[in-house]
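Following: one structure in structure tokens, then a few remarks.
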Amino acid sequence: MEPGSPAPKKSRLVHSADCEMEEAQAPSSSNAAGGVNQSLHWTQWQILDSILPTGGFAHSYGLEAAMQSRVVNDQEDLRSFVVQVLDSAGSLLLPFVHCACAGKSPGDAAAWAKLDRLLDATLTNEVARKASAAQGSALLRVAASVFAEVPALQELRRTLLGSKSVSFHHAPVFGLVCGLVGFDGEAAQRAYMFVTMRDVLSAATRLNLIGPLAASVLQHQLAPDAERMVRKWRDRDVSEASQTAPLLDAVQGCHAYMFSRLFCS
Amino acid sequence: MATPTPMGAVRVERVRGRSALTRCFARYPLKLIAPSRVGPSSCDAVWLYALTYGGGIVSGDTVSCTVSVGDGCTAAITTQASTKVYKAVGSKCSEQLLEARVGEDALLAVIPDPVTCFSTARYHQKQVFHVSVNSNLVLVDWFTSGRYESGERWDFSFYKSVNHIFLGDQPLFIDSTLLEQSSSYSIAERMREYNVVAMVVLLGPKLRDIQDKMQDEVRKLMSGQLRPPTAGGSLYTTRSQRPRRPPLVASCSPFGRTGTGMVARVAAVSTELAYIFLRHHLAALEPFLGAPPYAAS
């Protein structure tokens with residue numbers, strides 16, 4: 001023990017010094033072009049990566065209930081379903097991604113909590129509301145651990161966990177995390193649409209509605225539709241947030257009524 | 001609200017221990033009728049019928065109304081027939097605005113017939129409710145695909161309905177539904193064979209039992225109609241053997257931190273089915289209102 005112990009101690013010191021230096025550099029050069037953009041790519045891709053354990057794959061965004069009520073029966077129905085889910089996400093949730101990302105001071109816990117409370121009142125469908133809170137809580141927990149170079153994530157999470165009536169809804173958490181790790185507002189909103197489509201199509205493959213290859217083909221085919229919706233709904237204020245798929249909303253609310261189910265929502 | 005002076009103003013207050021209409025003002029094109037005998041005299045409720053000349057709202061018109069229901073009072077606002085929204089002239093909207101205050105231990109029931117938007121119509125509706133912790137609110141907000149029996153289905157250009165409920169300055173229920181023709185799929189394609197969309201809000205301690213009963217019944221109604229596609233996950237291969245969708249889809253959700261509210265979302269293939277659903281689930285309001293909502297006429 002004796003002779004071995006100084007070495008790890010020393011290396012630990014060296015490591016922590018390195019981290020401090022990196023931390024000190026990151027904020028000052030984050031706006032500059034060049035090398036920093038490359039490290040931002042790694043962060044951005046990781047946020048979009050399905051390996052990030054945010055629990056998104058426990059949710060079908062109403063697809064399972066839509067299949068059990070025969071609103072979605074085949075791949076053509078699935079295409080229409082995905083487009084409607086994206087349209088509704090764009091209209092109802094992108095404003096919350098946008099406002100959380102574009103917050104005047106990104107560490108403003110009180111302003112963020114207000115957004116979260118507003119969304120909690122806006123998600124009047126209990127199935128969707130619980131799914132959103134579960135995914136948002138998981139995302140913030142994961143992001144605070146993974147993106148340790150952004151201490152604001154940890155601090156904000158601690159502050160919010162201590163305050164009452166915070167639900168950690170997914171869209172404002174997503175916007176907050178994206179903003180703090182250096183996404184611009186439009187990229188954050190596009191990313192939100194990307195993960196939404198990714199999760200619905202993943203659910204569709206697990207529900208045996210479509211094969212994995214066909215799902216990837218569909219994902220690629222729908223990208224222009226998703227992009228059109230990003231352009232249509234981006235940068236809107238939360239006061240404009242609206243539900244655009246009333247039939248699917250009523251159907252999704254039935255999720256808890258199903259005797260056998262694979263997904264949480 | 002958009003207009004500074006509303007077209008209609010209603011106040012219900014307690015006078016000699018009973019709910020009484022102490023203010024009822026309306027100007028063209030809005031008309032408010034307060035029939036004296038809707039229920040038995042033992043029942044303490046003020047009923048109001050909101051009418052518009054011509055039975056609907058023309059393009060460019062805004063109908064606005066404020067309602068105040070005092071502490072311990074009961075009021076019901078309804079219509080005599082569906083509200084027609086006529087064809088749009090240019091990009092002008094037809095608008096309806098309602099701002100209501102519901103006092104302590106008071107009950108307000110907003111139970112209109114559906115809104116029917118004609119082809120090309122543009123409609124915007126906003127209803128804001130200010131409630132306190134033990135206020136009671138029944139809100140039915142619904143619309144049809146249009147004059148669907150003569151083939152005019154989901155043919156309007158724009159429909160937006162906003163319902164906000166505030167408890168003090170805190171948002172309790174923020175609902176906004178938007179349908180417009182511009183998306184990749186037309187409204188008709190998105191709505192399938194359904195012709196009616198309805199929302200029922202029940203809020204407050206007086207409505208607790210009605211909420212519970214409705215949630216139970218809706219669960220039973222729907223769980224019998226939901227089932228996974230054929231065993232093994234294989235899908236319906238031929239169109240002829242594709243099973244039919246439920247003619248009425250409904251789901252209930254509680255809302256509010258303490259679960260004092262409940263909202264039901266409904267889609268139905270016909271107006272008649274939706275009426276039957278509403279009539280059944282709101283029948284238990286009769287003791288409060290003196291008459292059951294949507295009684296067959």
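Chain identifiers are assigned as A, B, and so on, following the order in which chains appear in the structure tokens; residues are numbered from 1 within each chain, and ligands are numbered from 1 in order of appearance.
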Chain A contacts on chain B, only C-alpha atoms, 6 Å, as a PDB file with N, CA and C atoms, in the first residue's frame:
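Everything below was put into out19.pdb:
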```pdb
ATOM      1  N   LEU B 172     -54.111  26.669 -14.359  1.00  0.00           N
ATOM      2  CA  LEU B 172     -54.563  25.369 -13.866  1.00  0.00           C
ATOM      3  C   LEU B 172     -54.833  24.420 -15.033  1.00  0.00           C
ATOM      4  N   PHE B 173     -55.356  24.993 -16.110  1.00  0.00           N
ATOM      5  CA  PHE B 173     -55.726  24.175 -17.276  1.00  0.00           C
ATOM      6  C   PHE B 173     -55.571  25.077 -18.501  1.00  0.00           C
ATOM      7  N   ILE B 174     -54.631  24.728 -19.356  1.00  0.00           N
ATOM      8  CA  ILE B 174     -54.358  25.546 -20.538  1.00  0.00           C
ATOM      9  C   ILE B 174     -54.583  24.663 -21.751  1.00  0.00           C
ATOM     10  N   ASP B 175     -55.643  24.935 -22.469  1.00  0.00           N
ATOM     11  CA  ASP B 175     -55.998  24.072 -23.589  1.00  0.00           C
ATOM     12  C   ASP B 175     -56.115  24.909 -24.844  1.00  0.00           C
ATOM     13  N   SER B 176     -55.531  24.411 -25.910  1.00  0.00           N
ATOM     14  CA  SER B 176     -55.651  25.115 -27.175  1.00  0.00           C
ATOM     15  C   SER B 176     -55.674  24.081 -28.286  1.00  0.00           C
ATOM     16  N   THR B 177     -56.715  24.121 -29.090  1.00  0.00           N
ATOM     17  CA  THR B 177     -56.822  23.195 -30.215  1.00  0.00           C
ATOM     18  C   THR B 177     -56.809  24.007 -31.499  1.00  0.00           C
ATOM     19  N   LEU B 178     -55.980  23.590 -32.417  1.00  0.00           N
ATOM     20  CA  LEU B 178     -55.837  24.319 -33.678  1.00  0.00           C
ATOM     21  C   LEU B 178     -55.960  23.342 -34.838  1.00  0.00           C
ATOM     22  N   LEU B 179     -56.875  23.645 -35.747  1.00  0.00           N
ATOM     23  CA  LEU B 179     -56.984  22.841 -36.962  1.00  0.00           C
ATOM     24  C   LEU B 179     -56.936  23.784 -38.157  1.00  0.00           C
ATOM     25  N   ARG B 219     -63.633   4.301 -18.863  1.00  0.00           N
ATOM     26  CA  ARG B 219     -62.638   3.224 -18.859  1.00  0.00           C
ATOM     27  C   ARG B 219     -63.272   1.913 -19.317  1.00  0.00           C
ATOM     28  N   SER B 223     -62.083   0.147 -22.700  1.00  0.00           N
ATOM     29  CA  SER B 223     -61.175  -1.002 -22.576  1.00  0.00           C
ATOM     30  C   SER B 223     -61.727  -2.210 -23.319  1.00  0.00           C
ATOM     31  N   LEU B 226     -60.498  -1.912 -27.084  1.00  0.00           N
ATOM     32  CA  LEU B 226     -59.082  -1.821 -27.427  1.00  0.00           C
ATOM     33  C   LEU B 226     -58.471  -3.210 -27.353  1.00  0.00           C
ATOM     34  N   ARG B 227     -57.807  -3.602 -28.395  1.00  0.00           N
ATOM     35  CA  ARG B 227     -57.105  -4.885 -28.342  1.00  0.00           C
ATOM     36  C   ARG B 227     -55.946  -4.867 -29.323  1.00  0.00           C
ATOM     37  N   PRO B 228     -54.901  -5.625 -28.990  1.00  0.00           N
ATOM     38  CA  PRO B 228     -53.743  -5.638 -29.883  1.00  0.00           C
ATOM     39  C   PRO B 228     -54.136  -6.238 -31.225  1.00  0.00           C
ATOM     40  N   GLY B 233     -48.611 -10.422 -33.800  1.00  0.00           N
ATOM     41  CA  GLY B 233     -48.236  -9.112 -34.313  1.00  0.00           C
ATOM     42  C   GLY B 233     -48.481  -8.930 -35.799  1.00  0.00           C
ATOM     43  N   ARG B 245     -63.134   0.742 -36.406  1.00  0.00           N
ATOM     44  CA  ARG B 245     -62.735   1.568 -35.263  1.00  0.00           C
ATOM     45  C   ARG B 245     -63.951   1.814 -34.382  1.00  0.00           C
ATOM     46  N   ALA B 250     -63.210   7.929 -26.382  1.00  0.00           N
ATOM     47  CA  ALA B 250     -63.201   8.881 -25.272  1.00  0.00           C
ATOM     48  C   ALA B 250     -62.112   8.495 -24.291  1.00  0.00           C
ATOM     49  N   SER B 251     -61.506   9.502 -23.677  1.00  0.00           N
ATOM     50  CA  SER B 251     -60.545   9.237 -22.607  1.00  0.00           C
ATOM     51  C   SER B 251     -60.602  10.373 -21.592  1.00  0.00           C
ATOM     52  N   SER B 253     -58.767  12.359 -18.196  1.00  0.00           N
ATOM     53  CA  SER B 253     -57.531  12.646 -17.463  1.00  0.00           C
ATOM     54  C   SER B 253     -57.827  13.581 -16.303  1.00  0.00           C
ATOM     55  N   ARG B 265     -61.792  13.812 -23.343  1.00  0.00           N
ATOM     56  CA  ARG B 265     -61.630  14.132 -24.771  1.00  0.00           C
ATOM     57  C   ARG B 265     -62.398  13.088 -25.562  1.00  0.00           C
ATOM     58  N   VAL B 266     -63.197  13.563 -26.489  1.00  0.00           N
ATOM     59  CA  VAL B 266     -64.079  12.653 -27.213  1.00  0.00           C
ATOM     60  C   VAL B 266     -63.976  12.907 -28.713  1.00  0.00           C
TER      61      VAL B 266
END
```
Segment 14-18 of chain B: which residues within 10 Å, counting only C-alpha atoms, same-chain residues fewer than 4 positions away excluded, as a list in words?
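Selected residues are Thr22, Cys43, Asp44, Ala45, Val46, Val69, Gly70, Asp71, Gly72, Cys73 and Thr74 of chain B.
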Using atom CA of Leu285 of chain B and atom CA of Asp113 of chain B as the two end points, give the distance in Å to one decimal.
16.7 Å
Using only C-alpha atoms, which protein or nucleic acid residues come within 7 Å of segment 203-207 of chain B? Drop anything in the same chain fewer than 6 positions from it, and give the result as a list in words.
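My reading of the contact set: Asn134, Ser135, Asn136, Leu137, Val138, Thr260, Gly261 and Met262 of chain B.
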Neighbour list for Asp141 of chain B as an NGL selection string, cut-off 8 Å, only C-alpha atoms, skip fewer than 2 positions in-chain:
:B and (111-112 or 114 or 139 or 143 or 198-200)
Which parts of segment 9-74 of chain B does DSSP call strand (DSSP E or B) when run on the backbone here, written out as JSON, numbers by chain?
{"B": [9, 10, 11, 12, 13, 14, 15, 18, 19, 20, 21, 22, 23, 24, 25, 26, 30, 31, 32, 33, 46, 47, 48, 49, 50, 51, 52, 56, 57, 62, 63, 64, 65, 66, 67, 68, 69, 74]}
Considering only C-alpha atoms, return as an MDAnalysis selection string whatever protein or nucleic-acid residues lie within 10 Å of segment 202-205 of chain A, sequence-local ones (same chain, fewer than 5 positions apart) excluded.
chainID A and resid 50 56:64 67 75 78 82 196:197 210:216 262:263
I'd like the interatomic distance between atom CA of Val128 of chain B and atom CA of Val97 of chain A, to a tenth of an Å.
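A separation of 25.3 Å between them.
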Output as JSON, numbers by chain all residues of segment 168-244 of chain A that backbone DSSP marks as alpha helix (DSSP H).
{"A": [170, 171, 172, 173, 174, 175, 176, 177, 178, 179, 180, 181, 185, 186, 187, 188, 189, 190, 191, 192, 193, 194, 195, 196, 197, 198, 199, 200, 201, 202, 203, 204, 205, 206, 212, 213, 214, 215, 216, 217, 218, 219, 220, 221, 222, 223, 224, 225, 226, 227, 228, 229, 230, 231, 232, 233]}
Which one is closest to Gln44 of chain A: A:Trp112, A:Pro151, A:Ala143, A:Ala223? Count only C-alpha atoms.
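Closest candidate: A:Ala143.
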Counting only C-alpha atoms, the residue of B:Ala264, B:Val12, B:Met214, B:Met222 that sits nearest Pro246 of chain B:
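Ranking B:Ala264, B:Val12, B:Met214, B:Met222 by distance to Pro246 of chain B, first place goes to B:Met222.
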Find the residues around Val131 of chain B up to 9 Å (only C-alpha atoms counted), leave out those fewer than 6 positions away in its own chain, and share them as a ChimeraX atom specification.
/B:100-104,137,165-168
Go ahead and write the residues just picked, C-alpha atoms, as a short mmCIF file (atom, residue, chain, number, x, y, z; two decimals), in the first residue's frame.
```cif
data_model
loop_
_atom_site.label_atom_id
_atom_site.label_comp_id
_atom_site.auth_asym_id
_atom_site.auth_seq_id
_atom_site.Cartn_x
_atom_site.Cartn_y
_atom_site.Cartn_z
CA ALA B 100 -65.90 34.24 -16.64
CA ARG B 101 -65.35 34.46 -12.92
CA VAL B 102 -66.63 31.70 -10.67
CA GLY B 103 -66.87 32.56 -6.98
CA GLU B 104 -66.33 30.48 -3.87
CA LEU B 137 -67.03 24.48 -13.36
CA ILE B 165 -58.59 28.14 -16.35
CA PHE B 166 -56.65 30.18 -13.82
CA LEU B 167 -56.56 29.55 -10.10
CA GLY B 168 -55.50 32.94 -8.77
#
```
List as number ranges by chain the protein and nucleic acid residues near Gly185 of chain A, meaning an atom at most 10 Å away when only C-alpha atoms are counted, but skip any in the same chain fewer than 2 places from it.
A: 97-102, 175, 178-179, 182-183, 187-191, 234-235
Would you put the residues from that selection into a file with C-alpha atoms, as a PDB file, in the first residue's frame?
```
ATOM      1  CA  VAL A  97     -37.962  24.002 -26.337  1.00  0.00           C
ATOM      2  CA  HIS A  98     -37.424  27.412 -27.891  1.00  0.00           C
ATOM      3  CA  CYS A  99     -38.226  29.431 -24.779  1.00  0.00           C
ATOM      4  CA  ALA A 100     -36.156  27.201 -22.479  1.00  0.00           C
ATOM      5  CA  CYS A 101     -33.204  27.327 -24.881  1.00  0.00           C
ATOM      6  CA  ALA A 102     -33.415  31.041 -25.574  1.00  0.00           C
ATOM      7  CA  GLY A 175     -34.275  23.136 -24.578  1.00  0.00           C
ATOM      8  CA  CYS A 178     -29.314  22.063 -25.520  1.00  0.00           C
ATOM      9  CA  GLY A 179     -28.872  25.730 -24.684  1.00  0.00           C
ATOM     10  CA  GLY A 182     -24.016  25.187 -26.866  1.00  0.00           C
ATOM     11  CA  PHE A 183     -26.768  24.399 -29.389  1.00  0.00           C
ATOM     12  CA  ALA A 187     -30.612  23.391 -33.903  1.00  0.00           C
ATOM     13  CA  ALA A 188     -32.219  22.596 -30.551  1.00  0.00           C
ATOM     14  CA  GLN A 189     -35.703  22.719 -32.044  1.00  0.00           C
ATOM     15  CA  ARG A 190     -34.675  20.595 -35.023  1.00  0.00           C
ATOM     16  CA  ALA A 191     -33.024  18.136 -32.644  1.00  0.00           C
ATOM     17  CA  ARG A 234     -39.899  27.297 -34.726  1.00  0.00           C
ATOM     18  CA  ASP A 235     -39.256  30.312 -32.515  1.00  0.00           C
TER      19      ASP A 235
END
```
Nearest residue to Ser41 of chain B from the set B:Leu108, B:Leu273, B:Val67, B:Leu289 (distances using only C-alpha atoms):
B:Leu289
Could you jot down the atom CA of Tyr194 of chain B to atom CA of Ser145 of chain B separation for me, Å, one decimal place?
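About the pair atom CA of Tyr194 of chain B and atom CA of Ser145 of chain B: they are 8.2 Å apart.
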